[in-house]
file entry-v9.csv (CSV, N, CA and C atoms and all ligand atoms)
chain,number,residue,atom,x,y,z
A,1,MET,N,-31.6,15.3,-4.0
A,1,MET,CA,-30.2,15.2,-3.9
A,1,MET,C,-29.8,13.8,-4.5
A,2,GLY,N,-28.7,13.8,-5.2
A,2,GLY,CA,-28.2,12.5,-5.8
A,2,GLY,C,-27.7,11.6,-4.8
A,3,LYS,N,-27.6,10.3,-5.2
A,3,LYS,CA,-27.0,9.3,-4.3
A,3,LYS,C,-25.6,9.5,-4.0
A,4,GLN,N,-25.2,9.3,-2.8
A,4,GLN,CA,-23.7,9.5,-2.4
A,4,GLN,C,-22.9,8.4,-3.1
A,5,PHE,N,-21.7,8.8,-3.5
A,5,PHE,CA,-20.8,7.8,-4.1
A,5,PHE,C,-20.4,6.8,-3.0
A,6,ASP,N,-20.4,5.6,-3.3
A,6,ASP,CA,-20.0,4.6,-2.3
A,6,ASP,C,-19.0,3.5,-2.8
A,7,LEU,N,-18.6,2.6,-2.0
A,7,LEU,CA,-17.5,1.7,-2.4
A,7,LEU,C,-18.0,0.8,-3.6
A,8,SER,N,-19.4,0.5,-3.6
A,8,SER,CA,-19.8,-0.4,-4.7
A,8,SER,C,-19.8,0.4,-6.0
A,9,ASP,N,-19.9,1.7,-6.0
A,9,ASP,CA,-19.7,2.5,-7.2
A,9,ASP,C,-18.3,2.4,-7.7
A,10,LEU,N,-17.3,2.5,-6.7
A,10,LEU,CA,-15.9,2.4,-7.0
A,10,LEU,C,-15.6,1.0,-7.6
A,11,GLU,N,-16.2,0.0,-7.0
A,11,GLU,CA,-16.0,-1.4,-7.5
A,11,GLU,C,-16.4,-1.5,-9.0
A,12,GLU,N,-17.6,-0.9,-9.3
A,12,GLU,CA,-18.0,-0.9,-10.7
A,12,GLU,C,-17.1,-0.2,-11.6
A,13,ILE,N,-16.6,1.0,-11.2
A,13,ILE,CA,-15.6,1.7,-12.0
A,13,ILE,C,-14.4,0.9,-12.2
A,14,VAL,N,-13.9,0.3,-11.2
A,14,VAL,CA,-12.6,-0.5,-11.3
A,14,VAL,C,-12.9,-1.7,-12.3
A,15,ALA,N,-14.0,-2.3,-12.2
A,15,ALA,CA,-14.3,-3.4,-13.1
A,15,ALA,C,-14.4,-3.0,-14.5
A,16,GLU,N,-15.0,-1.8,-14.7
A,16,GLU,CA,-15.1,-1.2,-16.1
A,16,GLU,C,-13.7,-0.8,-16.6
A,17,ARG,N,-13.0,-0.1,-15.8
A,17,ARG,CA,-11.7,0.4,-16.3
A,17,ARG,C,-10.6,-0.7,-16.4
A,18,ALA,N,-10.8,-1.8,-15.7
A,18,ALA,CA,-9.9,-2.9,-15.9
A,18,ALA,C,-9.9,-3.4,-17.3
A,19,LYS,N,-10.9,-3.1,-18.0
A,19,LYS,CA,-11.0,-3.6,-19.4
A,19,LYS,C,-10.4,-2.6,-20.4
A,20,ALA,N,-10.0,-1.4,-19.9
A,20,ALA,CA,-9.5,-0.4,-20.8
A,20,ALA,C,-8.0,-0.7,-21.2
A,21,SER,N,-7.5,0.1,-22.1
A,21,SER,CA,-6.1,-0.1,-22.5
A,21,SER,C,-5.2,0.4,-21.3
A,22,PRO,N,-4.1,-0.4,-21.0
A,22,PRO,CA,-3.2,0.1,-20.0
A,22,PRO,C,-2.5,1.4,-20.2
A,23,ASP,N,-2.5,1.9,-21.5
A,23,ASP,CA,-2.0,3.2,-21.8
A,23,ASP,C,-2.9,4.3,-21.3
A,24,GLN,N,-4.2,4.0,-21.2
A,24,GLN,CA,-5.2,5.0,-20.9
A,24,GLN,C,-5.8,4.9,-19.5
A,25,SER,N,-5.4,3.9,-18.8
A,25,SER,CA,-6.0,3.7,-17.5
A,25,SER,C,-5.0,3.1,-16.4
A,26,TRP,N,-4.9,3.8,-15.3
A,26,TRP,CA,-4.1,3.3,-14.2
A,26,TRP,C,-4.6,2.0,-13.7
A,27,THR,N,-5.9,1.8,-13.7
A,27,THR,CA,-6.5,0.6,-13.2
A,27,THR,C,-6.1,-0.6,-14.1
A,28,ALA,N,-6.2,-0.3,-15.4
A,28,ALA,CA,-5.9,-1.4,-16.4
A,28,ALA,C,-4.4,-1.7,-16.4
A,29,LYS,N,-3.6,-0.7,-16.1
A,29,LYS,CA,-2.1,-0.8,-16.0
A,29,LYS,C,-1.8,-1.8,-14.8
A,30,LEU,N,-2.4,-1.5,-13.7
A,30,LEU,CA,-2.2,-2.3,-12.5
A,30,LEU,C,-2.6,-3.8,-12.7
A,31,VAL,N,-3.8,-3.9,-13.3
A,31,VAL,CA,-4.4,-5.2,-13.6
A,31,VAL,C,-3.4,-6.0,-14.6
A,32,ALA,N,-2.9,-5.3,-15.6
A,32,ALA,CA,-2.0,-5.9,-16.5
A,32,ALA,C,-0.7,-6.4,-15.9
A,33,HIS,N,-0.2,-5.6,-14.9
A,33,HIS,CA,1.0,-6.0,-14.2
A,33,HIS,C,0.8,-7.2,-13.3
A,34,GLY,N,-0.4,-7.3,-12.8
A,34,GLY,CA,-0.7,-8.5,-12.0
A,34,GLY,C,-0.7,-8.2,-10.5
A,35,GLN,N,-1.1,-9.2,-9.7
A,35,GLN,CA,-1.4,-9.1,-8.3
A,35,GLN,C,-0.2,-8.6,-7.5
A,36,ALA,N,1.0,-9.1,-7.8
A,36,ALA,CA,2.2,-8.7,-7.0
A,36,ALA,C,2.4,-7.2,-7.0
A,37,LYS,N,2.3,-6.6,-8.2
A,37,LYS,CA,2.5,-5.1,-8.3
A,37,LYS,C,1.3,-4.4,-7.6
A,38,ALA,N,0.1,-4.9,-7.9
A,38,ALA,CA,-1.1,-4.2,-7.3
A,38,ALA,C,-1.0,-4.3,-5.7
A,39,ALA,N,-0.6,-5.4,-5.2
A,39,ALA,CA,-0.6,-5.6,-3.8
A,39,ALA,C,0.5,-4.8,-3.2
A,40,LYS,N,1.6,-4.6,-3.9
A,40,LYS,CA,2.8,-3.8,-3.4
A,40,LYS,C,2.3,-2.3,-3.3
A,41,LYS,N,1.5,-1.9,-4.3
A,41,LYS,CA,1.0,-0.5,-4.3
A,41,LYS,C,0.0,-0.4,-3.2
A,42,LEU,N,-0.8,-1.4,-2.9
A,42,LEU,CA,-1.7,-1.3,-1.7
A,42,LEU,C,-0.9,-1.2,-0.4
A,43,GLY,N,0.2,-1.9,-0.3
A,43,GLY,CA,1.0,-1.8,0.8
A,43,GLY,C,1.6,-0.4,1.0
A,44,GLU,N,2.1,0.2,-0.1
A,44,GLU,CA,2.6,1.6,-0.1
A,44,GLU,C,1.6,2.5,0.4
A,45,GLU,N,0.3,2.4,-0.1
A,45,GLU,CA,-0.7,3.3,0.3
A,45,GLU,C,-1.1,3.1,1.7
A,46,ALA,N,-1.0,1.8,2.2
A,46,ALA,CA,-1.3,1.6,3.6
A,46,ALA,C,-0.3,2.3,4.5
A,47,VAL,N,1.0,2.2,4.1
A,47,VAL,CA,2.1,2.9,4.9
A,47,VAL,C,1.8,4.4,4.9
A,48,GLU,N,1.5,5.0,3.7
A,48,GLU,CA,1.2,6.4,3.6
A,48,GLU,C,0.0,6.8,4.5
A,49,THR,N,-0.9,5.9,4.6
A,49,THR,CA,-2.1,6.2,5.4
A,49,THR,C,-1.7,6.2,6.9
A,50,VAL,N,-0.9,5.2,7.3
A,50,VAL,CA,-0.4,5.2,8.6
A,50,VAL,C,0.4,6.5,9.0
A,51,ILE,N,1.2,6.9,8.1
A,51,ILE,CA,2.0,8.1,8.3
A,51,ILE,C,1.1,9.3,8.5
A,52,ALA,N,0.1,9.4,7.6
A,52,ALA,CA,-0.9,10.5,7.7
A,52,ALA,C,-1.6,10.5,9.0
A,53,ALA,N,-2.0,9.3,9.5
A,53,ALA,CA,-2.7,9.1,10.7
A,53,ALA,C,-1.9,9.6,11.9
A,54,ILE,N,-0.6,9.2,12.0
A,54,ILE,CA,0.2,9.5,13.2
A,54,ILE,C,0.7,11.0,13.1
A,55,SER,N,0.6,11.6,11.9
A,55,SER,CA,1.1,13.0,11.7
A,55,SER,C,-0.1,13.9,12.1
A,56,ASN,N,-1.2,13.4,12.4
A,56,ASN,CA,-2.4,14.3,12.7
A,56,ASN,C,-2.7,15.2,11.5
A,57,ASP,N,-2.5,14.7,10.3
A,57,ASP,CA,-2.7,15.5,9.1
A,57,ASP,C,-4.1,15.0,8.5
A,58,ARG,N,-5.1,15.7,8.8
A,58,ARG,CA,-6.5,15.3,8.4
A,58,ARG,C,-6.6,15.2,6.9
A,59,ASP,N,-6.3,16.3,6.2
A,59,ASP,CA,-6.5,16.3,4.8
A,59,ASP,C,-5.7,15.2,4.1
A,60,ASN,N,-4.5,15.0,4.5
A,60,ASN,CA,-3.7,13.9,3.9
A,60,ASN,C,-4.2,12.5,4.3
A,61,LEU,N,-4.8,12.4,5.5
A,61,LEU,CA,-5.4,11.1,5.9
A,61,LEU,C,-6.6,10.8,5.0
A,62,VAL,N,-7.4,11.8,4.7
A,62,VAL,CA,-8.5,11.6,3.8
A,62,VAL,C,-8.0,11.2,2.4
A,63,ALA,N,-7.0,11.9,1.9
A,63,ALA,CA,-6.5,11.6,0.6
A,63,ALA,C,-5.9,10.2,0.5
A,64,GLU,N,-5.0,9.9,1.5
A,64,GLU,CA,-4.4,8.6,1.5
A,64,GLU,C,-5.4,7.4,1.8
A,65,SER,N,-6.4,7.7,2.5
A,65,SER,CA,-7.4,6.6,2.8
A,65,SER,C,-8.2,6.4,1.4
A,66,ALA,N,-8.4,7.4,0.7
A,66,ALA,CA,-9.0,7.2,-0.7
A,66,ALA,C,-8.1,6.4,-1.6
A,67,ASP,N,-6.8,6.7,-1.6
A,67,ASP,CA,-5.9,5.9,-2.4
A,67,ASP,C,-5.9,4.4,-1.9
A,68,LEU,N,-5.9,4.2,-0.6
A,68,LEU,CA,-5.9,2.9,0.0
A,68,LEU,C,-7.1,2.1,-0.4
A,69,LEU,N,-8.3,2.7,-0.3
A,69,LEU,CA,-9.5,2.0,-0.6
A,69,LEU,C,-9.6,1.7,-2.1
A,70,TYR,N,-9.1,2.6,-3.0
A,70,TYR,CA,-9.1,2.4,-4.4
A,70,TYR,C,-8.2,1.2,-4.7
A,71,HIS,N,-7.0,1.2,-4.2
A,71,HIS,CA,-6.0,0.1,-4.5
A,71,HIS,C,-6.5,-1.2,-3.9
A,72,LEU,N,-7.2,-1.2,-2.8
A,72,LEU,CA,-7.8,-2.4,-2.2
A,72,LEU,C,-8.9,-3.0,-3.2
A,73,MET,N,-9.6,-2.1,-3.8
A,73,MET,CA,-10.6,-2.5,-4.8
A,73,MET,C,-10.0,-3.2,-6.0
A,74,VAL,N,-8.8,-2.6,-6.4
A,74,VAL,CA,-8.1,-3.2,-7.5
A,74,VAL,C,-7.6,-4.6,-7.2
A,75,VAL,N,-7.0,-4.7,-6.0
A,75,VAL,CA,-6.5,-6.0,-5.5
A,75,VAL,C,-7.6,-7.1,-5.4
A,76,LEU,N,-8.8,-6.7,-4.9
A,76,LEU,CA,-9.9,-7.6,-4.8
A,76,LEU,C,-10.4,-8.0,-6.2
A,77,LYS,N,-10.4,-7.0,-7.1
A,77,LYS,CA,-10.8,-7.3,-8.5
A,77,LYS,C,-9.9,-8.3,-9.1
A,78,ILE,N,-8.6,-8.2,-9.0
A,78,ILE,CA,-7.6,-9.1,-9.5
A,78,ILE,C,-7.8,-10.5,-8.9
A,79,ALA,N,-8.1,-10.5,-7.6
A,79,ALA,CA,-8.3,-11.8,-6.9
A,79,ALA,C,-9.7,-12.4,-7.2
A,80,GLY,N,-10.6,-11.7,-7.9
A,80,GLY,CA,-11.9,-12.2,-8.2
A,80,GLY,C,-12.8,-12.2,-7.0
A,81,ILE,N,-12.6,-11.4,-6.0
A,81,ILE,CA,-13.4,-11.4,-4.8
A,81,ILE,C,-14.4,-10.1,-4.9
A,82,PRO,N,-15.7,-10.4,-4.9
A,82,PRO,CA,-16.6,-9.3,-4.9
A,82,PRO,C,-16.6,-8.5,-3.6
A,83,LEU,N,-16.9,-7.2,-3.6
A,83,LEU,CA,-17.0,-6.4,-2.4
A,83,LEU,C,-18.0,-7.0,-1.4
A,84,GLN,N,-19.1,-7.6,-2.0
A,84,GLN,CA,-20.2,-8.2,-1.3
A,84,GLN,C,-19.6,-9.3,-0.3
A,85,ASP,N,-18.6,-10.0,-0.7
A,85,ASP,CA,-18.0,-11.0,0.2
A,85,ASP,C,-17.4,-10.4,1.4
A,86,ILE,N,-16.8,-9.2,1.3
A,86,ILE,CA,-16.2,-8.5,2.4
A,86,ILE,C,-17.3,-8.0,3.3
A,87,MET,N,-18.3,-7.4,2.7
A,87,MET,CA,-19.4,-6.9,3.5
A,87,MET,C,-20.1,-8.0,4.3
A,88,GLU,N,-20.3,-9.2,3.7
A,88,GLU,CA,-20.9,-10.3,4.4
A,88,GLU,C,-20.0,-10.8,5.6
A,89,GLU,N,-18.7,-10.8,5.3
A,89,GLU,CA,-17.8,-11.1,6.4
A,89,GLU,C,-17.9,-10.1,7.6
A,90,LEU,N,-17.9,-8.8,7.2
A,90,LEU,CA,-18.1,-7.8,8.3
A,90,LEU,C,-19.4,-7.9,9.0
A,91,GLY,N,-20.5,-8.3,8.2
A,91,GLY,CA,-21.8,-8.5,8.7
A,91,GLY,C,-21.8,-9.6,9.8
A,92,ARG,N,-21.2,-10.7,9.4
A,92,ARG,CA,-21.1,-11.9,10.4
A,92,ARG,C,-20.4,-11.4,11.7
A,93,ARG,N,-19.4,-10.6,11.5
A,93,ARG,CA,-18.6,-10.2,12.7
A,93,ARG,C,-19.4,-9.3,13.7
A,94,THR,N,-20.5,-8.7,13.2
A,94,THR,CA,-21.3,-7.9,14.1
A,94,THR,C,-21.9,-8.7,15.2
A,95,ALA,N,-21.9,-10.0,15.1
A,95,ALA,CA,-22.5,-10.9,16.2
A,95,ALA,C,-21.7,-10.8,17.5
A,96,GLN,N,-20.4,-10.5,17.4
A,96,GLN,CA,-19.7,-10.4,18.7
A,96,GLN,C,-18.7,-9.3,18.6
A,97,SER,N,-18.2,-8.9,19.8
A,97,SER,CA,-17.2,-7.8,19.8
A,97,SER,C,-15.9,-8.3,19.4
A,98,GLY,N,-15.0,-7.4,19.0
A,98,GLY,CA,-13.7,-7.7,18.6
A,98,GLY,C,-12.9,-8.3,19.8
A,99,LEU,N,-13.2,-7.8,21.0
A,99,LEU,CA,-12.5,-8.3,22.2
A,99,LEU,C,-12.9,-9.8,22.5
A,100,GLN,N,-14.2,-10.0,22.3
A,100,GLN,CA,-14.7,-11.4,22.5
A,100,GLN,C,-14.0,-12.4,21.5
A,101,GLU,N,-13.9,-11.9,20.2
A,101,GLU,CA,-13.4,-12.7,19.2
A,101,GLU,C,-11.9,-13.0,19.5
A,102,LYS,N,-11.2,-12.0,20.0
A,102,LYS,CA,-9.8,-12.1,20.3
A,102,LYS,C,-9.6,-13.1,21.4
A,103,ALA,N,-10.4,-13.0,22.4
A,103,ALA,CA,-10.4,-13.9,23.6
A,103,ALA,C,-10.6,-15.4,23.2
A,104,SER,N,-11.5,-15.6,22.2
A,104,SER,CA,-11.8,-16.9,21.7
A,104,SER,C,-10.6,-17.6,21.0
A,105,ARG,N,-9.6,-16.7,20.6
A,105,ARG,CA,-8.5,-17.3,19.9
A,105,ARG,C,-7.3,-17.5,20.8
A,106,GLN,N,-7.4,-17.0,22.1
A,106,GLN,CA,-6.3,-17.2,23.0
A,106,GLN,C,-6.1,-18.6,23.4
A,107,THR,N,-4.8,-19.1,23.4
A,107,THR,CA,-4.6,-20.5,23.9
A,107,THR,C,-4.6,-20.4,25.4
A,108,PRO,N,-5.2,-21.5,26.1
A,108,PRO,CA,-5.3,-21.5,27.5
A,108,PRO,C,-4.0,-21.5,28.2
A,201,LIG,N1,-9.6,6.4,-7.2
A,201,LIG,C1,-8.8,6.3,-8.1
A,201,LIG,C2,-7.4,6.5,-7.7
A,201,LIG,N2,-6.8,6.8,-6.6
A,201,LIG,C3,-5.4,6.8,-6.8
A,201,LIG,N3,-5.2,6.6,-8.1
A,201,LIG,C4,-3.9,6.5,-8.9
A,201,LIG,O1,-3.0,5.7,-8.2
A,201,LIG,C5,-1.7,6.1,-8.7
A,201,LIG,C6,-0.7,5.8,-7.7
A,201,LIG,O2,-0.6,6.7,-6.8
A,201,LIG,P1,0.8,7.3,-6.3
A,201,LIG,O3,0.5,8.3,-5.2
A,201,LIG,O4,1.6,6.1,-5.8
A,201,LIG,O5,1.3,7.9,-7.6
A,201,LIG,P2,2.7,7.7,-8.4
A,201,LIG,O6,3.8,8.2,-7.5
A,201,LIG,O7,2.5,8.4,-9.7
A,201,LIG,O8,2.8,6.2,-8.6
A,201,LIG,P3,4.1,5.4,-9.3
A,201,LIG,O9,4.1,5.8,-10.8
A,201,LIG,O10,5.3,6.0,-8.6
A,201,LIG,O11,3.9,3.9,-9.1
A,201,LIG,C7,-1.8,7.5,-9.2
A,201,LIG,O12,-1.6,7.5,-10.6
A,201,LIG,C8,-3.2,7.9,-8.9
A,201,LIG,O13,-3.8,8.7,-9.9
A,201,LIG,C9,-6.4,6.3,-8.7
A,201,LIG,N4,-6.7,5.9,-10.0
A,201,LIG,C10,-8.0,5.8,-10.3
A,201,LIG,N5,-9.0,5.9,-9.4
A,201,LIG,C11,-10.5,5.8,-9.8
A,201,LIG,O14,-10.5,4.9,-11.0
A,201,LIG,C12,-11.1,5.6,-12.0
A,201,LIG,C13,-10.5,5.2,-13.4
A,201,LIG,O15,-9.1,5.6,-13.4
A,201,LIG,P4,-8.3,5.0,-14.7
A,201,LIG,O16,-8.2,3.5,-14.5
A,201,LIG,O17,-6.9,5.6,-14.5
A,201,LIG,O18,-9.0,5.4,-15.9
A,201,LIG,C14,-10.9,7.1,-11.7
A,201,LIG,O19,-11.8,7.9,-12.4
A,201,LIG,C15,-11.1,7.1,-10.2
A,201,LIG,O20,-12.5,7.0,-10.0
call {"tool": "encode", "arguments": {"input": "entry-v9.csv", "output": "structure tokens", "more": "lines below"}}
Ligand SMILES: N=c1c2ncn([C@@H]3O[C@H](COP(=O)(O)OP(=O)(O)OP(=O)(O)O)[C@@H](O)[C@H]3O)c2ncn1[C@@H]1O[C@H](COP(=O)(O)O)[C@@H](O)[C@H]1O
result
Amino acid sequence: MGKQFDLSDLEEIVAERAKASPDQSWTAKLVAHGQAKAAKKLGEEAVETVIAAISNDRDNLVAESADLLYHLMVVLKIAGIPLQDIMEELGRRTAQSGLQEKASRQTP
């Protein structure tokens, strides 16, 4: 069986397509418009994902989550942040629970 598609594959595709002509690639078009436009699109996809989640619409939640992750990869590409940096940050966070982390930020 072939390797399952994962986020690092998507990162590679985004990096490759960012170099294409904006007439032929949505990725290149977003990159050409700049971070404000790409981040706005990410925000729209986030809202659509929230709506799908609270509507109990599984198929739409899968589709909107895919749109969200794709647009996040474009925003990270424009910012020059490798996916590896996000994975390292998530890895560091496995050392404690989210509730412990939240408690450590509470003011006395
Ligand atoms: N995963 C995606 C992906 N998900 C969503 N989108 C595009 O994101 C765009 C915005 O989604 P919307 O639902 O907001 O669509 P819209 O209403 O037409 O957007 P607006 O014109 O109103 O801004 C659509 O054109 C989608 O096709 C994606 N575009 C590209 N990819 C990946 O990137 C690869 C390269 O794509 P190109 O860069 O277009 O060659 C593709 O083969 C995919 O692997």
call {"tool": "atom_distance", "arguments": {"input": "entry-v9.csv", "atom1": "CA of Pro22 in chain A", "atom2": "atom N of Val47 in chain A"}}
result
24.6 Å
call {"tool": "residues_near_ligand", "arguments": {"input": "entry-v9.csv", "ligand": "ligand LIG 201 (chain A)", "cutoff": "6.5 Å", "atoms": "all atoms listed in the file", "output": "list in words"}}
result
Leu10, Ile13, Val14, Arg17, Ala18, Gln24, Ser25, Trp26, Thr27, Ala28, Lys29, Ala66, Asp67, Tyr70 and His71 of chain A
call {"tool": "atom_distance", "arguments": {"input": "entry-v9.csv", "atom1": "CA of Ala38 in chain A", "atom2": "CA of Val75 in chain A"}}
result
6.0 Å
call {"tool": "atom_distance", "arguments": {"input": "entry-v9.csv", "atom1": "atom C of Val31 in chain A", "atom2": "atom C of Glu11 in chain A"}}
result
14.9 Å
call {"tool": "select_by_dssp", "arguments": {"input": "entry-v9.csv", "residues": "range 63-104 of chain A", "states": "helix (DSSP H, G or I)", "output": "count of residues only"}}
result
35
